[in-house]
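Listing of my_file-v8.cif, mmCIF, C-alpha atoms
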data_coords
loop_
_atom_site.label_atom_id
_atom_site.label_comp_id
_atom_site.auth_asym_id
_atom_site.auth_seq_id
_atom_site.Cartn_x
_atom_site.Cartn_y
_atom_site.Cartn_z
CA MET A 1 54.36 136.14 133.36
CA ASN A 2 53.62 136.14 129.66
CA ASP A 3 50.20 136.71 128.08
CA VAL A 4 49.58 132.99 127.58
CA THR A 5 50.06 132.33 131.29
CA ARG A 6 47.94 135.33 132.20
CA ARG A 7 45.19 134.06 129.89
CA LEU A 8 45.37 130.56 131.38
CA MET A 9 45.17 131.99 134.89
CA THR A 10 42.06 134.04 134.13
CA ASP A 11 40.31 131.04 132.58
CA MET A 12 37.75 130.61 135.33
CA ASP A 13 34.11 131.39 136.12
CA PRO A 14 33.88 135.19 135.63
CA ASP A 15 31.79 135.60 138.81
CA LEU A 16 34.49 133.85 140.82
CA LEU A 17 37.22 135.90 139.13
CA THR A 18 35.41 139.09 140.13
CA PHE A 19 34.87 137.70 143.65
CA LEU A 20 38.58 136.94 143.89
CA HIS A 21 39.64 140.37 142.67
CA SER A 22 37.18 142.29 144.81
CA LYS A 23 36.87 140.28 148.05
CA VAL A 24 39.61 137.67 148.40
CA THR A 25 42.52 140.04 148.30
CA SER A 26 44.74 138.28 150.84
CA PHE A 27 45.40 134.77 152.11
CA VAL A 28 43.99 135.65 155.53
CA LYS A 29 40.74 136.77 153.87
CA TRP A 30 40.65 133.46 151.99
CA ASP A 31 41.05 131.61 155.30
CA LEU A 32 38.34 133.70 156.95
CA ILE A 33 35.91 133.25 154.07
CA ARG A 34 36.47 129.49 154.20
CA PHE A 35 36.08 129.57 157.99
CA PHE A 36 32.69 131.32 157.77
CA HIS A 37 31.61 129.02 154.94
CA GLU A 38 32.31 126.00 157.16
CA ASN A 39 30.86 127.69 160.25
CA PRO A 40 27.98 129.73 158.82
CA HIS A 41 26.29 130.28 162.18
CA THR A 42 29.39 131.52 163.98
CA ALA A 43 29.21 134.97 165.48
CA ASP A 44 32.17 135.99 167.58
CA THR A 45 34.76 138.59 168.46
CA ALA A 46 37.93 139.16 166.44
CA GLU A 47 39.96 137.71 169.31
CA ASN A 48 38.00 134.45 169.36
CA ILE A 49 37.85 134.15 165.56
CA ALA A 50 41.63 134.64 165.45
CA ARG A 51 41.96 131.80 167.97
CA TYR A 52 39.72 129.49 165.95
CA ALA A 53 41.68 130.33 162.78
CA GLY A 54 45.05 130.03 164.52
CA ARG A 55 46.00 133.58 163.46
CA ASN A 56 47.32 136.76 165.05
CA VAL A 57 44.51 138.91 166.54
CA GLU A 58 45.55 142.30 165.09
CA MET A 59 45.95 140.93 161.57
CA THR A 60 42.66 139.00 161.80
CA GLU A 61 40.76 142.01 163.11
CA ALA A 62 42.00 144.22 160.25
CA GLU A 63 40.88 141.62 157.69
CA LEU A 64 37.50 141.16 159.42
CA VAL A 65 36.93 144.91 159.23
CA GLU A 66 37.75 144.89 155.50
CA LEU A 67 35.50 141.89 154.82
CA THR A 68 32.72 143.76 156.62
CA GLU A 69 33.27 146.82 154.43
CA LEU A 70 33.18 144.53 151.39
CA GLY A 71 29.80 143.13 152.46
CA VAL A 72 31.02 139.57 153.10
CA LEU A 73 30.56 139.85 156.87
CA VAL A 74 28.35 141.88 159.13
CA LYS A 75 29.42 143.54 162.35
CA ASN A 76 27.24 143.86 165.45
CA GLN A 77 27.86 145.72 168.66
CA LEU A 78 26.93 143.39 171.52
CA GLY A 79 27.37 145.29 174.78
CA SER A 80 31.05 146.16 174.85
CA MET A 81 31.91 143.52 172.22
CA VAL A 82 32.12 143.80 168.44
CA VAL A 83 30.90 140.53 166.93
CA TYR A 84 31.40 139.40 163.33
CA SER A 85 29.18 136.97 161.42
CA LEU A 86 28.51 135.96 157.83
CA SER A 87 26.28 138.23 155.76
CA ASN A 88 22.76 136.91 155.21
CA ASP A 89 22.78 138.24 151.64
CA PRO A 90 21.86 135.18 149.51
CA GLY A 91 24.01 136.44 146.60
CA ILE A 92 27.13 136.70 148.79
CA ARG A 93 26.43 133.33 150.43
CA ASP A 94 26.04 131.71 147.01
CA LEU A 95 29.32 133.19 145.76
CA ILE A 96 31.10 132.02 148.93
CA ARG A 97 29.69 128.52 148.46
CA ARG A 98 30.78 128.42 144.81
CA PHE A 99 34.21 129.78 145.73
CA ALA A 100 34.65 127.21 148.53
CA GLU A 101 33.57 124.35 146.26
CA ALA A 102 35.84 125.55 143.44
CA SER A 103 38.72 125.77 145.94
CA ASP A 104 38.61 121.99 146.33
CA ASP A 105 40.16 121.83 142.86
CA ARG A 106 43.96 122.10 142.78
CA GLU A 107 44.01 124.00 139.47
CA PHE A 108 41.52 126.56 140.74
CA ARG A 109 43.59 127.05 143.89
CA ARG A 110 46.73 127.60 141.77
CA LYS A 111 44.95 130.28 139.76
CA ALA A 112 43.48 131.89 142.88
CA ILE A 113 46.94 132.07 144.47
CA TYR A 114 48.27 133.73 141.30
CA HIS A 115 45.58 136.43 141.48
CA ILE A 116 46.03 137.06 145.21
CA ILE A 117 49.79 137.46 144.84
CA ARG A 118 49.36 139.77 141.84
CA GLY A 119 46.84 141.83 143.78
CA MET A 120 49.19 142.12 146.77
CA ARG A 121 52.04 143.56 144.66
CA MET B 1 3.83 113.90 182.71
CA ASP B 2 5.37 114.60 179.29
CA ARG B 3 8.94 113.43 178.95
CA VAL B 4 11.77 114.28 176.59
CA THR B 5 13.18 110.92 175.56
CA THR B 6 16.93 110.61 175.10
CA GLY B 7 17.01 107.61 172.77
CA ILE B 8 19.75 106.15 174.97
CA ALA B 9 18.86 102.53 175.59
CA GLY B 10 18.38 101.91 179.30
CA LEU B 11 18.59 105.55 180.35
CA ASP B 12 14.99 106.56 179.67
CA ASP B 13 13.86 103.76 182.01
CA MET B 14 16.13 105.19 184.72
CA LEU B 15 14.51 108.60 184.17
CA GLN B 16 10.90 107.33 184.29
CA GLY B 17 10.58 107.89 180.54
CA GLY B 18 13.01 110.73 179.87
CA PHE B 19 13.98 114.23 180.97
CA VAL B 20 11.39 116.67 182.28
CA PRO B 21 10.70 119.13 179.41
CA ASN B 22 12.28 122.58 179.45
CA THR B 23 14.90 121.67 182.03
CA ALA B 24 18.71 121.82 182.12
CA ILE B 25 20.66 118.58 182.35
CA LEU B 26 24.33 118.55 183.32
CA VAL B 27 26.34 115.59 181.98
CA GLU B 28 29.73 115.50 183.64
CA GLY B 29 32.63 113.20 182.98
CA ALA B 30 36.34 112.82 182.33
CA PRO B 31 37.75 113.11 178.79
CA GLY B 32 36.54 110.25 176.60
CA THR B 33 33.73 109.08 178.85
CA GLY B 34 31.13 109.92 176.19
CA LYS B 35 29.67 113.31 177.18
CA THR B 36 29.54 114.68 173.64
CA THR B 37 28.25 111.37 172.26
CA PHE B 38 25.52 111.49 174.92
CA GLY B 39 24.58 115.00 173.77
CA MET B 40 24.72 114.19 170.06
CA GLN B 41 22.52 111.12 170.62
CA PHE B 42 20.00 113.29 172.48
CA ILE B 43 19.94 115.74 169.55
CA HIS B 44 19.82 113.00 166.88
CA HIS B 45 17.02 111.12 168.62
CA GLY B 46 15.02 114.35 168.94
CA ILE B 47 15.22 115.06 165.21
CA ALA B 48 14.95 111.49 163.91
CA GLN B 49 12.32 110.08 166.27
CA CYS B 50 10.48 112.95 167.94
CA ASP B 51 10.32 115.64 165.24
CA GLU B 52 12.07 117.99 167.64
CA PRO B 53 14.73 120.09 165.87
CA GLY B 54 17.91 120.88 167.76
CA ILE B 55 20.85 123.20 168.18
CA ILE B 56 24.41 122.39 169.09
CA LEU B 57 26.20 125.31 170.70
CA THR B 58 29.89 124.55 170.73
CA PHE B 59 32.66 126.51 172.36
CA GLU B 60 35.54 124.45 171.07
CA GLN B 61 34.84 121.86 168.40
CA PHE B 62 34.18 122.84 164.80
CA PRO B 63 30.91 121.72 163.15
CA ARG B 64 32.83 119.40 160.84
CA GLN B 65 34.03 117.46 163.90
CA TYR B 66 30.41 116.86 164.93
CA TYR B 67 29.51 115.81 161.36
CA ARG B 68 32.35 113.31 161.38
CA ASP B 69 31.77 111.96 164.89
CA ALA B 70 28.01 111.69 164.35
CA ALA B 71 28.57 109.86 161.06
CA ASN B 72 30.49 107.19 162.99
CA PHE B 73 27.21 106.31 164.69
CA GLY B 74 25.20 106.54 161.48
CA TRP B 75 23.73 109.95 162.37
CA ASP B 76 23.70 112.25 159.34
CA PHE B 77 24.05 115.71 160.90
CA ARG B 78 24.87 117.30 157.52
CA ARG B 79 21.51 116.14 156.27
CA TRP B 80 19.71 117.50 159.34
CA GLU B 81 21.44 120.85 158.76
CA ALA B 82 20.48 120.88 155.09
CA GLU B 83 16.88 120.04 156.00
CA GLY B 84 16.78 122.90 158.54
CA LYS B 85 16.34 120.59 161.53
CA LEU B 86 19.73 121.22 163.11
CA ARG B 87 22.02 124.19 163.54
CA ILE B 88 25.55 123.89 164.84
CA MET B 89 26.85 127.20 166.11
CA MET B 90 30.42 127.68 167.19
CA THR B 91 30.91 130.72 169.38
CA SER B 92 32.28 131.68 172.76
CA PRO B 93 30.59 131.69 176.19
CA GLU B 94 30.81 135.49 176.48
CA VAL B 95 29.14 136.05 173.11
CA SER B 96 26.43 133.43 173.66
CA GLN B 97 25.72 134.96 177.06
CA ALA B 98 25.36 138.41 175.47
CA PHE B 99 23.13 136.98 172.72
CA PHE B 100 20.73 135.57 175.31
CA GLN B 101 20.58 138.87 177.15
CA GLU B 102 19.85 140.79 173.94
CA ALA B 103 16.33 140.59 172.49
CA GLY B 104 16.44 138.93 169.07
CA GLY B 105 20.04 137.75 169.42
CA GLN B 106 21.49 135.19 167.03
CA ILE B 107 20.82 132.12 169.21
CA GLU B 108 17.21 133.20 169.63
CA GLN B 109 16.95 133.65 165.85
CA LEU B 110 18.38 130.19 165.16
CA THR B 111 16.07 128.63 167.76
CA ARG B 112 13.01 130.17 166.14
CA GLU B 113 14.25 129.56 162.58
CA VAL B 114 14.42 125.78 163.05
CA GLY B 115 11.78 125.55 165.80
CA ALA B 116 14.36 123.99 168.11
CA ARG B 117 13.16 122.08 171.17
CA ARG B 118 16.54 120.66 172.24
CA ILE B 119 20.01 122.08 172.65
CA LEU B 120 23.42 120.62 173.39
CA VAL B 121 25.87 123.05 175.00
CA ASP B 122 29.35 121.59 174.65
CA SER B 123 30.79 122.42 177.09
CA ILE B 124 29.71 124.59 180.01
CA SER B 125 33.25 124.25 181.44
CA HIS B 126 34.29 127.12 179.17
CA PHE B 127 32.27 129.53 181.30
CA GLU B 128 34.87 129.02 184.00
CA ARG B 129 37.31 131.25 182.13
CA LEU B 130 34.82 134.14 182.33
CA ALA B 131 34.80 134.33 186.11
CA ALA B 132 37.30 133.26 188.72
CA ASP B 133 34.86 134.12 191.50
CA PRO B 134 32.49 131.17 192.13
CA VAL B 135 29.58 133.50 193.01
CA HIS B 136 29.95 135.41 189.74
CA LEU B 137 30.33 132.15 187.80
CA ARG B 138 27.16 130.78 189.35
CA GLN B 139 25.28 133.95 188.36
CA LEU B 140 26.58 133.73 184.79
CA VAL B 141 25.62 130.08 184.36
CA TYR B 142 22.26 130.63 186.07
CA SER B 143 21.44 133.50 183.72
CA PHE B 144 22.58 131.44 180.69
CA ILE B 145 20.41 128.47 181.69
CA ASN B 146 17.43 130.76 182.22
CA GLY B 147 17.97 132.10 178.69
CA LEU B 148 17.81 128.51 177.36
CA LYS B 149 14.62 127.81 179.32
CA ARG B 150 13.04 131.07 178.17
CA GLU B 151 13.39 129.75 174.61
CA GLY B 152 11.54 126.57 175.61
CA LEU B 153 14.60 124.37 175.16
CA THR B 154 15.48 121.18 176.97
CA ALA B 155 19.21 121.56 177.37
CA VAL B 156 22.01 119.04 177.79
CA LEU B 157 25.10 120.80 179.11
CA THR B 158 28.35 118.87 179.16
CA ARG B 159 31.05 119.56 181.74
CA GLU B 160 34.58 118.26 181.87
CA ASN B 161 35.83 116.52 184.96
CA VAL B 162 39.59 116.49 185.12
CA ALA B 163 39.86 113.39 187.30
CA LEU B 164 40.14 110.22 185.24
CA LEU B 165 39.30 108.10 188.27
CA GLY B 166 37.70 109.23 191.52
CA GLU B 167 36.82 112.75 192.58
CA ALA B 168 38.16 115.91 190.92
CA GLU B 169 39.60 118.48 193.29
CA GLY B 170 39.28 122.22 192.87
CA GLN B 171 36.30 122.05 190.50
CA ASP B 172 33.54 124.60 190.94
CA GLU B 173 30.65 122.87 192.66
CA SER B 174 27.94 125.50 192.18
CA VAL B 175 26.80 124.36 188.70
CA PRO B 176 25.19 121.08 189.86
CA PHE B 177 22.97 123.14 192.18
CA ILE B 178 21.67 125.27 189.32
CA VAL B 179 20.73 122.47 186.92
CA ASP B 180 17.63 120.30 187.19
CA THR B 181 19.25 116.97 186.39
CA TYR B 182 22.81 115.90 187.10
CA ILE B 183 24.31 112.85 185.40
CA LEU B 184 27.80 111.58 186.13
CA LEU B 185 29.82 109.49 183.69
CA ARG B 186 32.78 107.77 185.32
CA TYR B 187 35.66 105.48 184.49
CA VAL B 188 35.87 102.47 186.77
CA GLU B 189 38.90 100.21 187.06
CA MET B 190 37.73 96.65 187.50
CA ASP B 191 39.33 93.26 186.83
CA SER B 192 42.31 94.90 185.07
CA ALA B 193 40.05 96.75 182.66
CA ILE B 194 38.50 100.18 182.42
CA ARG B 195 34.73 100.19 182.37
CA LYS B 196 32.30 103.06 182.35
CA ALA B 197 29.64 103.90 184.90
CA LEU B 198 26.62 106.19 184.73
CA LEU B 199 24.75 107.62 187.68
CA VAL B 200 21.77 109.97 187.78
CA LEU B 201 22.66 111.96 190.88
CA LYS B 202 19.78 114.39 190.82
CA MET B 203 16.52 114.90 188.93
CA ARG B 204 14.40 117.76 190.14
CA GLY B 205 10.67 117.13 190.11
CA SER B 206 10.83 113.43 189.34
CA TYR B 207 11.69 110.07 190.81
CA HIS B 208 14.73 108.47 189.17
CA ASP B 209 16.70 105.26 189.37
CA LYS B 210 19.67 105.70 191.72
CA ASP B 211 21.65 102.66 190.62
CA ILE B 212 25.19 103.02 189.36
CA ARG B 213 24.90 101.43 185.93
CA ARG B 214 27.43 100.13 183.45
CA PHE B 215 27.32 101.75 180.04
CA THR B 216 29.04 101.17 176.75
CA VAL B 217 29.54 103.23 173.63
CA THR B 218 28.58 101.01 170.70
CA SER B 219 28.39 101.64 166.96
CA LYS B 220 24.82 102.83 167.56
CA GLY B 221 25.61 105.18 170.42
CA ILE B 222 25.43 104.86 174.19
CA GLU B 223 23.73 101.87 175.81
CA VAL B 224 23.09 101.74 179.54
CA HIS B 225 23.17 98.27 181.08
CA SER B 226 22.52 96.69 184.47
CA LYS B 227 23.95 98.01 187.71
CA PHE B 228 27.30 96.93 189.08
CA GLU B 229 26.48 93.92 191.25
CA GLY B 230 28.50 92.99 194.31
CA GLN B 231 30.81 96.00 194.09
CA GLU B 232 31.20 99.03 196.25
CA GLY B 233 33.20 102.22 195.94
CA ILE B 234 32.36 102.49 192.23
CA LEU B 235 32.59 106.29 192.27
CA SER B 236 36.08 106.13 193.75
CA GLY B 237 37.10 104.64 190.40
CA SER B 238 38.61 101.57 192.10
CA PRO B 239 35.72 99.50 193.45
CA ARG B 240 36.13 96.47 195.64
CA ARG B 241 34.04 93.39 195.82
CA MET B 242 31.73 93.67 198.78
CA ALA B 243 33.04 90.45 200.34
CA GLU B 244 36.59 91.81 200.30
CA SER B 245 35.57 95.06 201.93
CA PHE B 246 33.53 93.09 204.50
CA ILE B 247 36.59 91.00 205.38
CA GLU B 248 38.74 94.12 205.54
CA ALA B 249 36.30 95.90 207.75
CA PHE B 250 35.34 93.14 210.15
CA VAL B 251 37.71 90.17 209.94
CA ARG B 252 41.18 91.73 209.61
CA ARG B 253 40.65 94.31 212.31
#

Could you express the structure from this file as structure tokens?
Amino acid sequence: MNDVTRRLMTDMDPDLLTFLHSKVTSFVKWDLIRFFHENPHTADTAENIARYAGRNVEMTEAELVELTELGVLVKNQLGSMVVYSLSNDPGIRDLIRRFAEASDDREFRRKAIYHIIRGMR
Amino acid sequence: MDRVTTGIAGLDDMLQGGFVPNTAILVEGAPGTGKTTFGMQFIHHGIAQCDEPGIILTFEQFPRQYYRDAANFGWDFRRWEAEGKLRIMMTSPEVSQAFFQEAGGQIEQLTREVGARRILVDSISHFERLAADPVHLRQLVYSFINGLKREGLTAVLTRENVALLGEAEGQDESVPFIVDTYILLRYVEMDSAIRKALLVLKMRGSYHDKDIRRFTVTSKGIEVHSKFEGQEGILSGSPRRMAESFIEAFVRR
């Protein structure tokens, strides 16, 4: 990609660009962030969340652990179960809401995909 | 006695004004009979007419499906959520069970956050995958229902019945014993058409109408009508006119 393209792709809300670079580092994370945005009161095990998201359990669990380390999710031990839910941090919730709303726009999605793929290289 | 009104036209009269507060109500029926609509109407009526916030605990459907389905009846669940009068929580039976057993669990927090008085659990059938043993299943559901009551909630629990017409075989029969009120929704084949029937089979601590009533799902929700006149065998799904069964029983012998 040339500099012009790179510049066009980074032409977005700087908070969302930082959020993308720091938290949304894979497509599964994107899916999970959207899932918790749409289901903000969900608290469940990796196995059940994988089922809701239609994803493989091992892959989902690894991404849930990373999102927890990044402060997007919180993890609770409930008896023998590990349960994940959305962080109550208002700043994180606001960023997730803005990211989800921005994702409704095709251009934003195109740019987000560009950054995720670049980050995965 | 105080009653928890359902907002379902015709049903509150059958229940002498509504459900007994802080009880568990099982609504059982085949797919498409209107169990979830029944529960959503109960929640909507509580918020819109009784100032009683509610919770929907779902083990299968996503919140957006409730928003969409409720909107078809003119019930704005997104607005209730935004106003802090409704919370829709999607989780699993095992996690919700553990939450109720733990002090300060997430369901307890949500209940207190919105001041919920009503809950729809959609559906209790999912508990069946937690225990194959009927005794263990009964203990699980009993403990779960007690958790709901401890929080002061009046709970509508839906349960799937696999039989489209007539009785379902192989279904666990312990749950109806645990709940306080048991309502059956049934398909009935009559005059080459499928109609729907509602019956209040049990209501602990209260008199209730024992008629088998017709009901319809309209653009405003469920409406319960008059009883089926001159028919028998309604619960078999294929009723006969009483005159025909009389002839069969006494004349053609």

For this session: May I have the residues of chain A within 9 Å of chain B, counting only C-alpha atoms, written as an MDAnalysis selection string?
Result: chainID A and resid 38:45 48:49 52 78:79 81 83

Can I get the selection written as a tab-separated table (two decimals), keeping the file's coordinate frame, with C-alpha atoms?
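Okay, result_15.tsv is ready:
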chain	number	residue	atom	x	y	z
A	38	GLU	CA	32.31	126.00	157.16
A	39	ASN	CA	30.86	127.69	160.25
A	40	PRO	CA	27.98	129.73	158.82
A	41	HIS	CA	26.29	130.28	162.18
A	42	THR	CA	29.39	131.52	163.98
A	43	ALA	CA	29.21	134.97	165.48
A	44	ASP	CA	32.17	135.99	167.58
A	45	THR	CA	34.76	138.59	168.46
A	48	ASN	CA	38.00	134.45	169.36
A	49	ILE	CA	37.85	134.15	165.56
A	52	TYR	CA	39.72	129.49	165.95
A	78	LEU	CA	26.93	143.39	171.52
A	79	GLY	CA	27.37	145.29	174.78
A	81	MET	CA	31.91	143.52	172.22
A	83	VAL	CA	30.90	140.53	166.93

Seminar exercise, completed: Counting only C-alpha atoms, closest pick from B:Lys85, B:Arg118, B:Lys202, B:Arg79 relative to Gly39 in chain B is B:Arg118

As JSON: centre and edge lengths in Å, one decimal, of the axis-aligned box holding range 31-36 of chain A with 3 Å per side:
{"center_x": 36.9, "center_y": 131.6, "center_z": 156.0, "size_x": 14.4, "size_y": 10.2, "size_z": 9.9}

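Across the model, the gap from CA of Asn88 in chain A to CA of Ala112 in chain A is 24.6 Å.
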
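Compared by their closest atoms to Ala163 in chain B, and using all atoms listed in the file, the residues B:Gly29, B:Gly54, B:Gly46, B:Pro176 rank with B:Gly29 nearest.
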
Would you list the contacts of Phe19 in chain A as a PDB file with C-alpha atoms, in the coordinates of the input, taking every protein, DNA or RNA residue within 9 Å and counting all atoms listed in the file, but skipping same-chain residues closer than 3 positions in sequence?
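Below is the file selection-v3.pdb, written as the result:
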ATOM      1  CA  PRO A  14      33.880 135.190 135.630  1.00  0.00           C
ATOM      2  CA  ASP A  15      31.790 135.600 138.810  1.00  0.00           C
ATOM      3  CA  LEU A  16      34.490 133.850 140.820  1.00  0.00           C
ATOM      4  CA  SER A  22      37.180 142.290 144.810  1.00  0.00           C
ATOM      5  CA  LYS A  23      36.870 140.280 148.050  1.00  0.00           C
ATOM      6  CA  VAL A  24      39.610 137.670 148.400  1.00  0.00           C
ATOM      7  CA  LEU A  95      29.320 133.190 145.760  1.00  0.00           C
ATOM      8  CA  ILE A  96      31.100 132.020 148.930  1.00  0.00           C
ATOM      9  CA  PHE A  99      34.210 129.780 145.730  1.00  0.00           C
TER      10      PHE A  99
END

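What separates CA of Leu184 in chain B from CA of Arg204 in chain B is a distance of 15.3 Å.
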
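From CA of Leu15 in chain B back to CA of His208 in chain B, the distance works out to 5.0 Å.
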